[in-house]
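Peer 1: There's a structure below that I have some questions on.
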Amino acid sequence: VDIEEEDDLSAPPLSVTIVVKCFTAIMMWAQLMQALVLNKSLAALTYSVAELFADVTRNLVVIALILVSISAGLTSLQEPYFTSFGDSSVLLVKLVLGLGGPPVGDVMQPLGFTIVVVYVVITEIGLLSILIAQLALSYENLSEHKIGYARMNKAYVCVEGESILPSFYRQRFYDQCAFDKPLPFDNGDLGPAGGIQVLEAAYIRATSKYVPDRILRAVGEASKSDPWPKVEKGQNAEN
């Protein structure tokens, strides 16, 4: 009678090459998130996720310190399933995340079981609840200014991408922008340099929400010897 061999479902042993390939694949595909800045809503979302991830990281640092201290204590007690520091850490993580594990409560001493209960209460009820409330508050604050955060994130990605370009290409693009030339406000009225001019559409002035410019500008050179321009009738002198 032929007996079929069972499939070997055990994972292959980890090596440095496998670990490097794993992180390389993750980081390579994660870089595609930089393309989300082309969309204003997605740019705001990615920036919000990055800010929330910073809050999660700070909270996880505190949880990790508590995990190390509890693992060291249980290992020193030589409780069942807690014979080494690595086994203790992995088992405590499984207990918090609900990934299953051996019935530690049936074989542990009262002191060790009390330490495990205190760890679970502090981590799940305390720190994780605080983290959820903190993330909700942070997202509420970020959502109020999502358009500004989207533009800021887009500018950050553009500057970061510009830094890897060759210097001659950046210099050529800078020269094409003509930042050294003053921007005209009107015919014969030159403004400051160092910007890019965007013309306003004519239909905007016909809308009811249009607010006229409150700054009265006078063309010509700004010389101290020139007299102040006369204010025409119908113009508000306070402006």
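Identifiers for the structure tokens are assigned positionally: chains receive A, B, ... in sequence, residues are indexed from 1 per chain, and ligands are indexed from 1 in the order shown.
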Considering only alpha helix (DSSP H) as DSSP defines it on the backbone, what residues of stretch 42-218 of chain A qualify? List them as a PyMOL selection string.

Peer 2: chain A and resi 42-77+85-97+104-107+110-120+128-143+146-162+167-177

Peer 1: Can you pull out every residue within 9 Å of A:Glu51, counting only C-alpha atoms, but drop anything in the same chain fewer than 6 positions away, and send it as a PyMOL selection string?

Peer 2: chain A and resi 138-139+142

Peer 1: For A:Asn153, please output as a short mmCIF file (atom, residue, chain, number, x, y, z; two decimals) with all heavy atoms, in the first residue's frame all residues within 8 Å (counting only C-alpha atoms; exclusion window: fewer than 6 positions along the same chain).

Peer 2:
data_model
loop_
_atom_site.label_atom_id
_atom_site.label_comp_id
_atom_site.auth_asym_id
_atom_site.auth_seq_id
_atom_site.Cartn_x
_atom_site.Cartn_y
_atom_site.Cartn_z
N VAL A 37 0.58 62.01 -4.02
CA VAL A 37 0.55 63.46 -3.83
C VAL A 37 -0.04 64.17 -5.04
O VAL A 37 -0.37 65.36 -4.96
CB VAL A 37 1.96 64.00 -3.55
CG1 VAL A 37 2.52 63.39 -2.28
CG2 VAL A 37 2.89 63.73 -4.72
N ALA A 43 -3.25 62.99 -0.99
CA ALA A 43 -2.08 63.59 -0.35
C ALA A 43 -2.36 63.95 1.10
O ALA A 43 -1.53 63.74 1.98
CB ALA A 43 -1.64 64.82 -1.13
N ALA A 44 -3.56 64.48 1.35
CA ALA A 44 -3.94 64.79 2.73
C ALA A 44 -4.06 63.52 3.56
O ALA A 44 -3.69 63.49 4.75
CB ALA A 44 -5.26 65.56 2.75
N TYR A 47 -0.53 62.15 4.43
CA TYR A 47 0.10 62.96 5.48
C TYR A 47 -0.52 62.67 6.83
O TYR A 47 0.18 62.57 7.85
CB TYR A 47 -0.03 64.44 5.13
CG TYR A 47 0.65 65.35 6.14
CD1 TYR A 47 2.01 65.61 6.05
CD2 TYR A 47 -0.07 65.92 7.17
CE1 TYR A 47 2.63 66.43 6.97
CE2 TYR A 47 0.54 66.75 8.10
CZ TYR A 47 1.90 67.00 7.99
OH TYR A 47 2.50 67.81 8.91
#

Peer 1: I'd like the contact shell of stretch 21-34 of chain A - 10 Å cut-off, only C-alpha atoms, skipping same-chain residues fewer than 6 positions apart - returned as a ChimeraX atom specification.

Peer 2: /A:42-43,46,153-154,157-158,161

Peer 1: What's the 7 Å shell around A:Phe85, counting only C-alpha atoms, without same-chain residues fewer than 3 positions away, as a PDB file with C-alpha atoms, in the first residue's frame?

Peer 2:
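The resulting file, result.pdb, is shown below:
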ATOM      1  CA  SER A  71       9.050  39.019  30.197  1.00  0.00           C
ATOM      2  CA  ALA A  72      12.177  39.336  32.317  1.00  0.00           C
ATOM      3  CA  THR A  75      11.501  34.277  32.960  1.00  0.00           C
ATOM      4  CA  SER A  88       8.062  34.841  27.281  1.00  0.00           C
ATOM      5  CA  SER A  89       7.983  37.846  24.938  1.00  0.00           C
TER       6      SER A  89
END

Peer 1: Kindly indicate which residue among A:Leu67, A:Ile147, A:Leu128, A:Met108 lies nearest to A:Lys94, using only C-alpha atoms for the distances.

Peer 2: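 Nearest candidate to A:Lys94 out of A:Leu67, A:Ile147, A:Leu128, A:Met108: A:Leu67.
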
Peer 1: What's the 12 Å shell around stretch 198-208 of chain A, counting only C-alpha atoms, without same-chain residues fewer than 3 positions away, as a CSV table (one decimal) with all heavy atoms, in the first residue's frame?

Peer 2:
chain,number,residue,atom,x,y,z
A,183,LEU,N,7.9,90.6,-10.6
A,183,LEU,CA,6.6,90.2,-11.1
A,183,LEU,C,5.7,91.5,-11.3
A,183,LEU,O,5.6,92.2,-10.3
A,183,LEU,CB,5.9,89.2,-10.2
A,183,LEU,CG,6.7,87.9,-9.9
A,183,LEU,CD1,5.9,87.1,-8.9
A,183,LEU,CD2,6.9,87.2,-11.2
A,184,PRO,N,5.1,91.7,-12.4
A,184,PRO,CA,4.3,93.0,-12.6
A,184,PRO,C,2.9,92.8,-12.0
A,184,PRO,O,2.2,91.8,-12.3
A,184,PRO,CB,4.3,93.1,-14.1
A,184,PRO,CG,4.4,91.7,-14.7
A,184,PRO,CD,5.3,91.0,-13.7
A,185,PHE,N,2.5,93.8,-11.2
A,185,PHE,CA,1.1,93.8,-10.7
A,185,PHE,C,0.2,94.4,-11.8
A,185,PHE,O,-0.9,93.9,-12.0
A,185,PHE,CB,1.0,94.7,-9.5
A,185,PHE,CG,1.6,94.0,-8.3
A,185,PHE,CD1,2.8,94.5,-7.7
A,185,PHE,CD2,1.0,92.9,-7.7
A,185,PHE,CE1,3.3,93.9,-6.6
A,185,PHE,CE2,1.5,92.3,-6.6
A,185,PHE,CZ,2.7,92.8,-6.0
A,186,ASP,N,0.7,95.3,-12.5
A,186,ASP,CA,-0.1,96.0,-13.6
A,186,ASP,C,0.9,96.6,-14.6
A,186,ASP,O,2.2,96.5,-14.4
A,186,ASP,CB,-1.0,97.0,-13.0
A,186,ASP,CG,-2.2,97.2,-14.0
A,186,ASP,OD1,-2.1,96.8,-15.1
A,186,ASP,OD2,-3.2,97.9,-13.5
A,195,GLY,N,9.2,84.8,-7.5
A,195,GLY,CA,7.9,84.1,-7.5
A,195,GLY,C,7.5,83.7,-8.9
A,195,GLY,O,8.2,83.9,-9.9
A,211,VAL,N,-13.9,90.1,-3.4
A,211,VAL,CA,-13.6,91.2,-2.5
A,211,VAL,C,-12.5,92.0,-3.2
A,211,VAL,O,-11.4,91.5,-3.5
A,211,VAL,CB,-13.0,90.7,-1.1
A,211,VAL,CG1,-12.6,91.9,-0.3
A,211,VAL,CG2,-14.1,89.8,-0.4
A,212,PRO,N,-12.8,93.3,-3.5
A,212,PRO,CA,-11.8,94.1,-4.2
A,212,PRO,C,-10.5,94.3,-3.4
A,212,PRO,O,-10.6,94.2,-2.2
A,212,PRO,CB,-12.5,95.4,-4.5
A,212,PRO,CG,-14.0,95.1,-4.3
A,212,PRO,CD,-14.0,94.0,-3.3
A,213,ASP,N,-9.4,94.5,-4.1
A,213,ASP,CA,-8.2,94.8,-3.4
A,213,ASP,C,-8.2,96.0,-2.6
A,213,ASP,O,-8.6,97.1,-3.1
A,213,ASP,CB,-7.1,94.8,-4.4
A,213,ASP,CG,-5.7,94.8,-3.8
A,213,ASP,OD1,-5.6,94.7,-2.6
A,213,ASP,OD2,-4.7,94.7,-4.5

Peer 1: For the strand (DSSP E) assignment from backbone DSSP, which residues of stretch 95-212 of chain A qualify? Please present them as a PyMOL selection string.

Peer 2: chain A and resi 182-186+189-193

Peer 1: Expressed in Å to a single decimal, how great is the separation between atom CA of A:Asn39 and atom CA of A:Ala54?

Peer 2: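 Computing the Euclidean distance for atom CA of A:Asn39 and atom CA of A:Ala54 yields 22.9 Å.
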
Peer 1: Using atom CA of A:Asp87 and atom CA of A:Phe113 as the two end points, give the distance in Å to one decimal.

Peer 2: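 Calculated distance between atom CA of A:Asp87 and atom CA of A:Phe113 is 16.0 Å.
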